[in-house]
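Here is my_file02.cif, consisting of mmCIF, C-alpha atoms:
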```
data_run
#
loop_
_atom_site.label_atom_id
_atom_site.label_comp_id
_atom_site.auth_asym_id
_atom_site.auth_seq_id
_atom_site.Cartn_x
_atom_site.Cartn_y
_atom_site.Cartn_z
CA MET C 984 0.00 0.00 0.00
CA ILE C 985 1.12 3.59 -0.58
CA SER C 986 1.03 5.74 2.57
CA PRO C 987 -0.02 9.45 2.70
CA LYS C 988 3.58 10.37 3.49
CA LEU C 989 4.72 8.64 0.30
CA TYR C 990 2.02 10.51 -1.64
CA ASN C 991 3.45 13.80 -0.38
CA LYS C 992 6.94 12.70 -1.27
CA PHE C 993 5.89 12.25 -4.86
CA PHE C 994 3.96 15.55 -5.20
CA PHE C 995 6.85 17.36 -6.77
CA LEU C 996 7.66 14.46 -9.08
CA LEU C 997 4.08 14.31 -10.27
CA THR C 998 4.11 18.05 -10.89
CA PHE C 999 7.26 17.90 -12.96
CA PHE C 1000 6.31 14.93 -15.09
CA ILE C 1001 2.62 15.61 -15.64
CA SER C 1002 1.88 19.32 -15.32
CA ILE C 1003 3.15 20.62 -18.66
CA THR C 1004 1.29 17.98 -20.67
CA TYR C 1005 -1.84 18.36 -18.59
CA LEU C 1006 -2.00 22.15 -18.72
CA TYR C 1007 -1.08 22.81 -22.31
CA SER C 1008 -1.88 19.64 -24.24
CA GLN C 1009 -5.00 18.22 -22.61
CA LYS C 1010 -8.38 19.84 -22.00
CA LYS C 1011 -9.60 16.61 -20.48
CA PHE C 1012 -7.91 13.97 -18.40
CA THR C 1013 -7.39 11.24 -20.97
CA LEU C 1014 -7.34 7.57 -20.04
CA VAL C 1015 -6.67 4.54 -22.17
CA LEU C 1016 -8.51 1.48 -20.84
CA ASP C 1017 -7.11 -1.83 -22.02
CA ALA C 1018 -9.10 -5.04 -21.63
CA GLY C 1019 -6.39 -7.69 -21.69
CA HIS C 1020 -6.28 -10.43 -24.32
CA GLY C 1021 -9.33 -10.89 -26.62
CA GLY C 1022 -10.32 -12.66 -29.81
CA SER C 1023 -8.46 -15.92 -30.34
CA ASP C 1024 -6.36 -15.18 -27.26
CA ILE C 1025 -8.72 -16.09 -24.41
CA GLY C 1026 -6.04 -15.61 -21.74
CA ALA C 1027 -6.26 -17.39 -18.39
CA ASN C 1028 -9.30 -19.63 -18.14
CA ARG C 1029 -10.91 -22.37 -16.09
CA ASN C 1030 -14.14 -24.42 -16.20
CA TYR C 1031 -16.29 -24.93 -13.10
CA ALA C 1032 -19.34 -27.14 -12.81
CA ASP C 1033 -21.49 -24.44 -11.21
CA ILE C 1034 -19.93 -21.31 -12.73
CA GLY C 1035 -19.15 -22.55 -16.22
CA SER C 1036 -16.23 -21.32 -18.30
CA VAL C 1037 -14.41 -18.31 -16.83
CA GLN C 1038 -12.28 -16.71 -19.55
CA GLU C 1039 -9.92 -13.80 -18.96
CA LYS C 1040 -10.83 -12.01 -22.19
CA ASN C 1041 -14.51 -11.84 -21.15
CA VAL C 1042 -13.85 -10.81 -17.55
CA THR C 1043 -11.47 -8.01 -18.53
CA LEU C 1044 -13.84 -6.64 -21.16
CA GLY C 1045 -16.72 -6.66 -18.70
CA ILE C 1046 -14.74 -4.73 -16.09
CA VAL C 1047 -13.33 -2.22 -18.58
CA LEU C 1048 -16.71 -1.42 -20.12
CA LYS C 1049 -18.23 -0.87 -16.67
CA LEU C 1050 -15.29 1.33 -15.66
CA GLY C 1051 -15.54 3.30 -18.90
CA ARG C 1052 -19.24 4.03 -18.39
CA MET C 1053 -18.51 5.36 -14.89
CA LEU C 1054 -15.82 7.68 -16.22
CA GLU C 1055 -17.82 8.87 -19.23
CA LYS C 1056 -20.48 10.32 -16.94
CA ASN C 1057 -17.95 13.01 -15.97
CA LYS C 1058 -17.11 15.58 -18.67
CA ASP C 1059 -13.60 16.01 -17.23
CA TYR C 1060 -12.58 12.58 -18.50
CA LYS C 1061 -11.89 11.38 -22.01
CA VAL C 1062 -11.96 7.59 -22.28
CA ILE C 1063 -10.25 5.65 -25.06
CA TYR C 1064 -10.64 1.87 -25.31
CA THR C 1065 -8.10 -0.49 -26.85
CA ARG C 1066 -11.07 -2.77 -27.55
CA LYS C 1067 -14.82 -2.71 -26.86
CA ILE C 1068 -15.62 -6.06 -28.45
CA ASP C 1069 -14.17 -9.56 -28.51
CA GLU C 1070 -11.13 -8.91 -30.70
CA TYR C 1071 -7.37 -9.04 -30.24
CA PRO C 1072 -5.55 -5.72 -30.73
CA SER C 1073 -1.80 -6.24 -30.96
CA LEU C 1074 0.30 -5.10 -28.04
CA THR C 1075 1.92 -2.61 -30.39
CA SER C 1076 -1.42 -1.10 -31.39
CA ARG C 1077 -2.45 -0.78 -27.73
CA THR C 1078 0.63 1.22 -26.79
CA ASP C 1079 0.61 3.16 -30.06
CA LEU C 1080 -2.98 4.20 -29.38
CA ALA C 1081 -2.08 5.41 -25.89
CA ASN C 1082 0.94 7.37 -27.09
CA ARG C 1083 -0.85 8.94 -30.07
CA SER C 1084 -3.65 10.04 -27.75
CA LYS C 1085 -1.14 11.68 -25.37
CA ALA C 1086 -2.99 9.92 -22.58
CA ASP C 1087 -2.51 10.87 -18.95
CA LEU C 1088 -2.98 7.31 -17.73
CA PHE C 1089 -2.94 3.77 -19.15
CA ILE C 1090 -4.81 1.03 -17.28
CA SER C 1091 -4.64 -2.58 -18.44
CA VAL C 1092 -7.00 -5.08 -16.77
CA HIS C 1093 -6.11 -8.77 -16.52
CA VAL C 1094 -6.91 -11.99 -14.68
CA ASN C 1095 -4.23 -13.92 -12.82
CA SER C 1096 -3.46 -17.64 -12.83
CA SER C 1097 -1.05 -19.89 -10.97
CA PRO C 1098 0.46 -23.14 -12.27
CA SER C 1099 -1.79 -25.47 -10.21
CA LYS C 1100 -5.28 -26.39 -11.38
CA SER C 1101 -6.88 -25.19 -8.14
CA ALA C 1102 -5.03 -22.31 -6.52
CA THR C 1103 -4.49 -21.50 -2.89
CA ALA C 1104 -3.05 -18.22 -4.19
CA GLN C 1105 -5.76 -15.57 -4.45
CA GLY C 1106 -6.32 -11.85 -4.44
CA THR C 1107 -5.39 -8.84 -6.49
CA GLU C 1108 -2.06 -7.32 -7.47
CA THR C 1109 -1.06 -4.36 -9.60
CA PHE C 1110 2.06 -4.17 -11.72
CA VAL C 1111 4.03 -1.15 -12.86
CA GLN C 1112 6.83 -1.22 -15.40
CA GLY C 1113 10.29 -1.98 -14.09
CA PRO C 1114 13.13 -4.50 -14.09
CA ASN C 1115 12.35 -7.73 -12.30
CA GLN C 1116 12.46 -7.03 -8.55
CA ASN C 1117 11.03 -10.32 -7.33
CA ARG C 1118 11.69 -13.64 -9.01
CA ALA C 1119 8.37 -14.95 -7.67
CA ASN C 1120 6.60 -12.57 -10.07
CA LEU C 1121 8.34 -13.94 -13.16
CA ASP C 1122 5.58 -16.46 -13.94
CA VAL C 1123 3.05 -13.64 -14.14
CA ALA C 1124 5.33 -11.72 -16.51
CA LYS C 1125 5.80 -14.75 -18.73
CA ALA C 1126 2.05 -15.40 -18.86
CA GLU C 1127 1.33 -11.86 -20.03
CA ASN C 1128 4.32 -11.71 -22.39
CA ASP C 1129 3.44 -14.99 -24.13
CA VAL C 1130 0.79 -13.26 -26.25
CA ILE C 1131 3.56 -11.37 -28.00
CA PHE C 1132 3.78 -14.28 -30.42
CA LEU C 1133 0.16 -14.04 -31.51
CA ASP C 1134 0.55 -10.99 -33.75
CA GLU C 1135 2.87 -10.56 -36.73
CA ARG C 1136 3.48 -6.86 -36.06
CA ASP C 1137 4.45 -7.67 -32.49
CA LYS C 1138 6.86 -10.32 -33.74
CA GLU C 1139 8.52 -7.71 -35.95
CA ASN C 1140 8.71 -4.98 -33.29
CA PHE C 1141 9.81 -7.19 -30.42
CA ALA C 1142 11.97 -9.65 -32.38
CA SER C 1143 15.21 -8.38 -30.84
CA TYR C 1144 13.75 -7.82 -27.37
CA ASN C 1145 14.92 -10.34 -24.78
CA PRO C 1146 13.21 -10.03 -21.37
CA SER C 1147 16.09 -11.87 -19.69
CA SER C 1148 18.79 -9.68 -21.20
CA PRO C 1149 20.37 -7.30 -18.67
CA GLU C 1150 20.74 -4.69 -21.37
CA SER C 1151 17.03 -4.86 -22.25
CA LEU C 1152 16.03 -4.63 -18.60
CA ILE C 1153 18.33 -1.67 -18.04
CA ALA C 1154 17.01 0.11 -21.13
CA LEU C 1155 13.48 -0.40 -19.88
CA LYS C 1156 14.37 0.96 -16.47
CA ILE C 1157 15.84 4.15 -17.89
CA GLN C 1158 13.02 4.65 -20.38
CA GLN C 1159 10.23 4.23 -17.84
CA SER C 1160 11.79 5.76 -14.73
CA LYS C 1161 10.17 9.17 -15.13
CA TYR C 1162 6.67 7.63 -15.01
CA LEU C 1163 7.36 5.04 -12.34
CA GLU C 1164 6.59 7.23 -9.33
CA ALA C 1165 3.16 8.25 -10.66
CA SER C 1166 2.39 4.63 -11.60
CA LEU C 1167 3.22 3.49 -8.08
CA ILE C 1168 0.83 6.05 -6.64
CA ILE C 1169 -2.19 5.12 -8.77
CA GLY C 1170 -1.36 1.42 -8.32
CA GLY C 1171 -1.32 1.86 -4.55
CA MET C 1172 -4.66 3.66 -4.64
CA VAL C 1173 -6.24 0.83 -6.62
CA GLU C 1174 -4.97 -1.85 -4.24
CA ASP C 1175 -6.03 0.21 -1.19
CA ASN C 1176 -9.58 0.37 -2.55
CA PHE C 1177 -9.68 -3.37 -3.21
CA VAL C 1178 -8.83 -3.93 0.45
CA LYS C 1179 -10.81 -1.19 2.17
CA LYS C 1180 -13.92 -1.09 -0.01
CA ASP C 1181 -14.18 -4.62 -1.39
CA LYS C 1182 -12.55 -6.45 1.56
CA ARG C 1183 -10.33 -8.41 -0.79
CA LEU C 1184 -6.82 -9.75 -0.28
CA SER C 1185 -4.20 -7.55 -1.92
CA ARG C 1186 -0.84 -8.94 -2.99
CA GLY C 1187 0.48 -5.39 -3.38
CA VAL C 1188 2.01 -3.19 -6.07
CA LYS C 1189 5.00 -4.70 -7.86
CA GLN C 1190 7.44 -3.89 -10.63
CA GLU C 1191 7.65 -6.27 -13.56
CA ASN C 1192 8.88 -6.35 -17.13
CA LEU C 1193 5.61 -6.54 -19.11
CA HIS C 1194 5.44 -5.76 -22.82
CA VAL C 1195 2.08 -3.98 -22.66
CA LEU C 1196 3.55 -1.38 -20.27
CA ARG C 1197 7.13 -0.94 -21.42
CA MET C 1198 6.54 1.37 -24.40
CA ASN C 1199 3.98 3.69 -22.79
CA ALA C 1200 5.02 7.35 -22.47
CA MET C 1201 2.75 7.92 -19.48
CA PRO C 1202 1.99 6.49 -16.03
CA SER C 1203 0.75 2.93 -16.63
CA ILE C 1204 -0.52 0.06 -14.51
CA LEU C 1205 -1.58 -3.53 -15.14
CA ILE C 1206 -4.19 -4.81 -12.69
CA GLU C 1207 -4.55 -8.53 -11.97
CA THR C 1208 -8.12 -8.70 -10.65
CA GLY C 1209 -8.01 -12.23 -9.22
CA PHE C 1210 -6.92 -15.83 -9.83
CA VAL C 1211 -9.02 -17.71 -12.36
CA ASN C 1212 -8.01 -21.05 -10.83
CA ASN C 1213 -9.05 -19.99 -7.33
CA TYR C 1214 -12.72 -20.82 -6.94
CA ASP C 1215 -13.62 -17.83 -4.76
CA ASP C 1216 -11.78 -15.38 -7.03
CA ALA C 1217 -13.20 -16.95 -10.19
CA HIS C 1218 -16.74 -16.72 -8.85
CA TYR C 1219 -16.23 -13.08 -7.82
CA ILE C 1220 -14.70 -11.81 -11.06
CA SER C 1221 -17.21 -13.64 -13.28
CA THR C 1222 -20.32 -12.06 -11.73
CA GLU C 1223 -21.84 -8.71 -12.67
CA GLU C 1224 -21.68 -7.66 -9.02
CA GLY C 1225 -18.00 -8.55 -8.67
CA GLN C 1226 -17.03 -6.83 -11.91
CA HIS C 1227 -18.95 -3.73 -10.93
CA ALA C 1228 -17.19 -3.61 -7.53
CA ILE C 1229 -13.78 -3.99 -9.19
CA ALA C 1230 -14.58 -1.26 -11.73
CA GLU C 1231 -15.82 1.02 -8.95
CA SER C 1232 -12.62 0.56 -6.93
CA ILE C 1233 -10.51 1.43 -9.97
CA PHE C 1234 -12.79 4.39 -10.73
CA ASN C 1235 -12.44 5.76 -7.21
CA ALA C 1236 -8.65 5.42 -7.45
CA ILE C 1237 -8.64 7.35 -10.74
CA VAL C 1238 -10.74 10.14 -9.21
CA SER C 1239 -8.37 10.38 -6.21
CA TYR C 1240 -5.34 10.31 -8.48
CA LYS C 1241 -6.71 13.08 -10.69
CA LYS C 1242 -7.42 15.24 -7.63
CA LEU C 1243 -3.85 14.70 -6.52
CA VAL C 1244 -2.58 15.75 -9.95
CA ASP C 1245 -4.91 18.76 -10.10
CA ARG C 1246 -3.65 20.06 -6.76
CA ASN C 1247 -0.12 20.06 -8.07
CA VAL C 1248 -0.44 21.40 -11.61
CA LYS C 1249 -2.03 24.78 -10.97
CA GLU C 1250 1.30 26.56 -11.31
CA PRO C 1251 3.73 25.61 -14.08
CA GLU C 1252 7.10 24.52 -12.80
CA PRO C 1253 10.00 26.90 -13.50
CA GLU C 1254 12.31 25.72 -16.23
CA LYS C 1255 15.36 23.86 -15.10
CA PRO C 1256 18.70 25.41 -16.04
CA VAL C 1257 20.36 23.80 -19.03
CA GLU C 1258 23.00 21.34 -17.91
CA GLN C 1259 26.50 22.49 -18.78
CA PRO C 1260 29.05 20.03 -20.14
CA LEU C 1261 31.98 19.01 -17.95
CA LYS C 1262 35.55 19.76 -18.85
CA ASN C 1263 36.52 16.10 -19.14
CA ASP C 1264 34.94 12.99 -20.63
CA PHE C 1265 33.87 10.17 -18.33
CA ARG C 1266 33.84 6.44 -19.02
CA ILE C 1267 32.66 3.76 -16.62
CA LEU C 1268 35.38 1.24 -15.78
CA LEU C 1269 33.60 -2.12 -15.51
CA MET C 1270 36.57 -4.36 -14.73
CA SER C 1271 40.30 -4.93 -15.21
CA THR C 1272 41.23 -8.49 -16.13
CA PRO C 1273 43.94 -10.48 -17.98
CA ASN C 1274 41.14 -12.01 -20.07
CA LYS C 1275 40.24 -10.72 -23.50
CA TYR C 1276 36.52 -10.74 -24.38
CA ASN C 1277 34.79 -10.08 -27.66
CA ASP C 1278 31.69 -7.90 -28.03
CA GLN C 1279 29.20 -10.72 -27.47
CA ASP C 1280 30.91 -12.42 -24.53
CA PRO C 1281 28.54 -13.16 -21.58
CA ALA C 1282 31.16 -11.63 -19.25
CA LEU C 1283 30.04 -8.20 -20.53
CA LYS C 1284 26.48 -8.98 -19.34
CA GLY C 1285 24.77 -7.76 -22.49
CA LEU C 1286 26.13 -4.20 -22.30
CA LYS C 1287 26.98 -2.44 -25.55
CA TYR C 1288 29.28 0.50 -26.32
CA ILE C 1289 32.21 -1.14 -24.54
CA LEU C 1290 35.74 0.23 -25.10
CA PRO C 1291 38.49 -2.21 -24.05
CA ILE C 1292 41.93 -0.68 -23.42
CA LYS C 1293 44.92 -2.94 -22.76
CA GLU C 1294 47.47 -1.66 -20.29
CA ASN C 1295 50.36 -3.52 -18.62
CA GLY C 1296 48.97 -6.90 -19.68
CA PHE C 1297 45.46 -6.21 -18.34
CA TYR C 1298 42.34 -5.49 -20.35
CA LYS C 1299 40.28 -2.63 -18.91
CA TYR C 1300 36.68 -2.54 -20.10
CA TYR C 1301 35.02 0.89 -20.21
CA TYR C 1302 31.30 1.49 -20.75
CA GLY C 1303 29.91 4.61 -22.43
CA THR C 1304 31.44 8.06 -22.72
CA THR C 1305 29.99 11.48 -21.87
CA ASN C 1306 30.90 14.93 -20.62
CA TYR C 1307 27.55 15.45 -18.84
CA ALA C 1308 27.26 14.67 -15.13
CA SER C 1309 23.69 13.38 -15.36
CA VAL C 1310 24.56 10.93 -18.15
CA LYS C 1311 27.68 9.84 -16.28
CA ASP C 1312 25.56 9.03 -13.22
CA THR C 1313 23.04 7.16 -15.37
CA ASN C 1314 25.80 5.16 -17.06
CA LEU C 1315 27.29 4.27 -13.68
CA LYS C 1316 23.91 3.11 -12.40
CA THR C 1317 23.39 1.12 -15.60
CA ALA C 1318 26.70 -0.67 -15.07
CA LYS C 1319 25.92 -1.47 -11.43
CA ASP C 1320 22.42 -2.69 -12.32
CA ALA C 1321 24.00 -5.02 -14.89
CA GLY C 1322 26.08 -6.62 -12.15
CA PHE C 1323 29.31 -4.60 -12.18
CA ARG C 1324 28.99 -3.57 -8.54
CA ASN C 1325 32.55 -2.24 -8.28
CA SER C 1326 32.39 -0.11 -11.43
CA ILE C 1327 33.59 3.49 -11.16
CA ALA C 1328 33.60 6.62 -13.34
CA ILE C 1329 37.03 7.46 -14.79
CA SER C 1330 37.92 10.92 -16.12
CA PHE C 1331 39.60 11.27 -19.53
CA VAL C 1332 41.02 14.56 -20.79
CA PRO C 1333 39.76 14.94 -24.39
CA ASN C 1334 42.46 14.73 -27.08
CA GLN C 1335 45.23 14.55 -24.50
CA SER C 1336 48.56 13.49 -25.98
CA LEU C 1337 50.55 10.97 -24.00
CA GLY C 1338 53.68 12.51 -22.51
CA MET C 1339 55.38 9.14 -22.67
CA GLY C 1340 54.51 6.22 -24.89
CA TYR C 1341 51.68 5.84 -27.37
CA TYR C 1342 48.50 3.95 -28.20
CA THR C 1343 48.53 1.07 -30.65
CA LEU C 1344 45.93 -1.34 -31.95
CA GLU C 1345 46.12 -5.01 -31.01
CA ILE C 1346 44.57 -6.46 -34.15
CA TYR C 1347 44.85 -10.14 -33.20
CA SER C 1348 46.23 -12.38 -30.48
CA GLY C 1349 46.35 -16.17 -30.34
CA LYS C 1350 48.44 -19.30 -30.04
CA ASP C 1351 48.63 -19.70 -33.80
CA LYS C 1352 50.32 -17.48 -36.38
CA LEU C 1353 48.05 -15.84 -38.91
CA ASP C 1354 48.03 -17.47 -42.31
CA SER C 1355 49.67 -15.32 -44.97
CA LYS C 1356 46.38 -15.40 -46.87
CA SER C 1357 44.32 -14.19 -43.91
CA LYS C 1358 42.10 -11.16 -44.34
CA ILE C 1359 43.98 -9.31 -41.62
CA LEU C 1360 47.38 -9.63 -43.28
CA LYS C 1361 45.95 -8.80 -46.69
CA THR C 1362 44.25 -5.70 -45.29
CA ILE C 1363 47.19 -4.59 -43.12
CA PRO C 1364 50.40 -5.65 -44.87
CA ASP C 1365 52.74 -3.69 -42.54
CA ILE C 1366 51.34 -5.15 -39.30
CA ILE C 1367 53.84 -5.92 -36.50
CA ARG C 1368 54.03 -9.44 -35.04
CA ASN C 1369 55.48 -10.36 -31.64
CA LYS C 1370 55.42 -13.52 -29.57
CA GLU C 1371 55.18 -13.43 -25.78
CA ASN C 1372 54.71 -16.44 -23.50
CA GLY C 1373 53.61 -18.60 -26.39
CA ILE C 1374 51.04 -16.08 -27.68
CA PHE C 1375 51.31 -14.26 -31.01
CA TYR C 1376 50.34 -10.57 -30.91
CA TYR C 1377 49.68 -8.59 -34.07
CA THR C 1378 49.66 -4.82 -33.61
CA PHE C 1379 49.46 -1.77 -35.83
CA GLY C 1380 50.07 1.95 -35.57
CA LYS C 1381 51.25 4.51 -33.03
CA TYR C 1382 48.76 7.13 -31.87
CA LYS C 1383 49.37 9.98 -29.44
CA THR C 1384 45.74 10.42 -28.36
CA LEU C 1385 43.01 7.95 -27.43
CA GLU C 1386 40.66 9.65 -29.90
CA ASP C 1387 43.10 8.99 -32.77
CA ALA C 1388 43.30 5.32 -31.79
CA ILE C 1389 39.51 5.05 -31.61
CA LYS C 1390 39.19 6.64 -35.06
CA ALA C 1391 41.68 4.15 -36.51
CA GLN C 1392 39.82 1.31 -34.80
CA LYS C 1393 36.54 2.40 -36.42
CA ASP C 1394 38.26 2.66 -39.80
CA PHE C 1395 39.33 -0.97 -39.48
CA GLU C 1396 35.80 -1.98 -38.47
CA GLY C 1397 34.62 -0.42 -41.71
CA LYS C 1398 37.00 -2.76 -43.52
CA GLY C 1399 35.68 -5.80 -41.67
CA ILE C 1400 38.46 -6.05 -39.07
CA THR C 1401 36.57 -6.31 -35.77
CA ASN C 1402 37.32 -7.02 -32.09
CA THR C 1403 40.54 -5.03 -32.13
CA ILE C 1404 41.87 -3.73 -28.83
CA ILE C 1405 43.45 -0.36 -28.10
CA GLU C 1406 46.66 -0.88 -26.17
CA LYS C 1407 48.35 1.85 -24.12
CA ARG C 1408 52.13 1.52 -24.08
CA LEU C 1409 54.25 3.75 -21.90
CA LYS C 1410 57.49 3.07 -23.79
#
```

Translate this structure into C-alpha cells?
Amino acid sequence: MISPKLYNKFFFLLTFFISITYLYSQKKFTLVLDAGHGGSDIGANRNYADIGSVQEKNVTLGIVLKLGRMLEKNKDYKVIYTRKIDEYPSLTSRTDLANRSKADLFISVHVNSSPSKSATAQGTETFVQGPNQNRANLDVAKAENDVIFLDERDKENFASYNPSSPESLIALKIQQSKYLEASLIIGGMVEDNFVKKDKRLSRGVKQENLHVLRMNAMPSILIETGFVNNYDDAHYISTEEGQHAIAESIFNAIVSYKKLVDRNVKEPEPEKPVEQPLKNDFRILLMSTPNKYNDQDPALKGLKYILPIKENGFYKYYYGTTNYASVKDTNLKTAKDAGFRNSIAISFVPNQSLGMGYYTLEIYSGKDKLDSKSKILKTIPDIIRNKENGIFYYTFGKYKTLEDAIKAQKDFEGKGITNTIIEKRLK
C-alpha cells in the first residue's frame, strides 16, 4: 500500500512529469482502458461445474466497459478503449494508441493464474513497469508476455527484445523511470480500494517487465483482478456484481489520483537550467582483467558501447562516454544494475597526448600465427608481429591520443576487421 507520506513525497515528481502535458496539451484527463487479451487469445481460463467457463478475455472486457461508463459520466474525462468487443488488438497497437492520444494514464486489466489447477493463491495485485524485482513474479510476466507471439506486427517490433537480457532490462528501467513514481501512486490507490472497499486480499504493487507497459510514455498500470483457478476469485470476477465492484474501486482510485494531480499542476514549474558540459569525458570502468573478451561475450552482461583498453597486460573494459554529469551518473547506475557492482567513473582529458609512450591497436592475439592469406594480413600488410609467452600478438600503428586510436579502430571496423583492442604503451 502507498502511505499518505509517500504521496506527499511524490507531489513534486508528479508536478514535474505531468503538469506541462496536462496544462497545455489536454483539456480533459485522458485515459486509455485496455481489456487484456481478446479474440483468439482467451487468456487465463478455467471451467467450473457451477460457474461454467471463466475466460480472462470476457472478464477483462466486462470490467473495462463498466469502468468506462462510470468515467464517461464526468465531462472532465476522455476515455479511449483499446477494444470494446471480442477482438485481439496487438500489443503494439495498444501502446501506439495510448501514445498517439497523449494519454494521462494507461490502465490494463487482466486476470491472474497460478500453475496449479486449483489455486491456494488468491487476491489482487497491480504491476508497474520496471526491471524484475522479485523472481516470484516472473511467472506472471511470462504469462502476459506470451501473447507477444500471436501478432505478426508484435513479432517484428519485439523480435530483438529479450526479457532476460540485462541490457534490455536496463534500457526499460531508464526509459520508464520518469513515469514510475506516478504509476506506483495510482497502483497503490487501486490496491487500497480493493482492500478497504471490497474487503479483498491484496498482494500489493509490484514492478515487472511486461510488454504492454514498457513502451507507454505515461503512467501505466496492469491490474490482476483475481486468480481464475481460485474458486472464490473466479466466482467473484465472473459475476456482474464482482465486476462492478472492481470497476468502482478502480474508478475511485482514478478520481483520487486526478485530484492529486490537479492540486499540483495549478502553477507551471520553472524551467530547469540547461545542464552544462563538464571539462573532461567520463567512461565507466567495468573491470580490469587479464582475459580478452569479444563484443558478445557473456562476461560483458549484455552491455553495448564497450571500449576495451589494454594496459600492462590487463584489459580494462570501459562502458559509455559522456561529458555530462547526469549521463555519467546514469551510465554508472546502468553498469551497477547489470552486475558490475565495483564499477567506477574514470575521467579522460579529451584529445590529450601521451607525454610518454603511445596507443597502438592489437589487431589479433592467439596461439597460432596468422596465415599469410588471412584477411587481416591482406588488409594490413605492414602489421607488427610479436610472440610473448607462447602467444602471437599482431599490432598496428602509433597514436598519441586515445581519440586517434579510436578513429583508426573504427576505420578498421569499416574494412571488416573487428574485435581489435586499443593498447596503451608507456614506452

Notebook entry, point to check: Which is closest to Val1092 (chain C) among C:Val1062, C:Ala1228, C:Ile1233, C:Val1188, if we use all atoms listed in the file?
Noted result: C:Ile1233

Item checked: Within 12 Å of Asn1295 (chain C) using all atoms listed in the file, minus same-chain residues under 2 positions, as a list in words ->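 The residues that qualify are Ser1271, Thr1272, Pro1273, Ile1292, Lys1293, Phe1297, Tyr1298, Lys1299, Glu1406, Lys1407, Arg1408, Leu1409 and Lys1410 of chain C.
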
Next item on the list: Compare C:Asn1402, C:Ile1025, C:Ile1367, C:Asp1079 by their minimum atom-to-atom distance to Gln1279 (chain C), counting all atoms listed in the file, and give me the closest one.
Entry: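 Answer, going by the shortest atom-to-atom distance: C:Asn1402.
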
Check: Which distance in Å separates CA of Met1053 (chain C) and CA of Glu1231 (chain C), to one decimal?
Finding: 7.8 Å

Next item on the list: Let me know the residues the PyMOL selection byres ((chain C and resi 1371-1381) around 8) catches in the file above, as a PyMOL selection string.
Entry: chain C and resi 1341-1352+1365-1370+1382-1383

Next item on the list: Would you list the contacts of Tyr1301 (chain C) as a VMD selection string, taking every protein, DNA or RNA residue within 12 Å and counting all atoms listed in the file, but skipping same-chain residues closer than 4 positions in sequence?
Entry: chain C and resid 1265 to 1272 1283 1286 to 1293 1305 1314 to 1315 1318 1323 1326 to 1331 1404 to 1405

Checklist line | Gap from CA of Lys1319 (chain C) to CA of Gly1303 (chain C) - Å, one decimal | finding: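 One can read the CA of Lys1319 (chain C) to CA of Gly1303 (chain C) distance as 13.2 Å.
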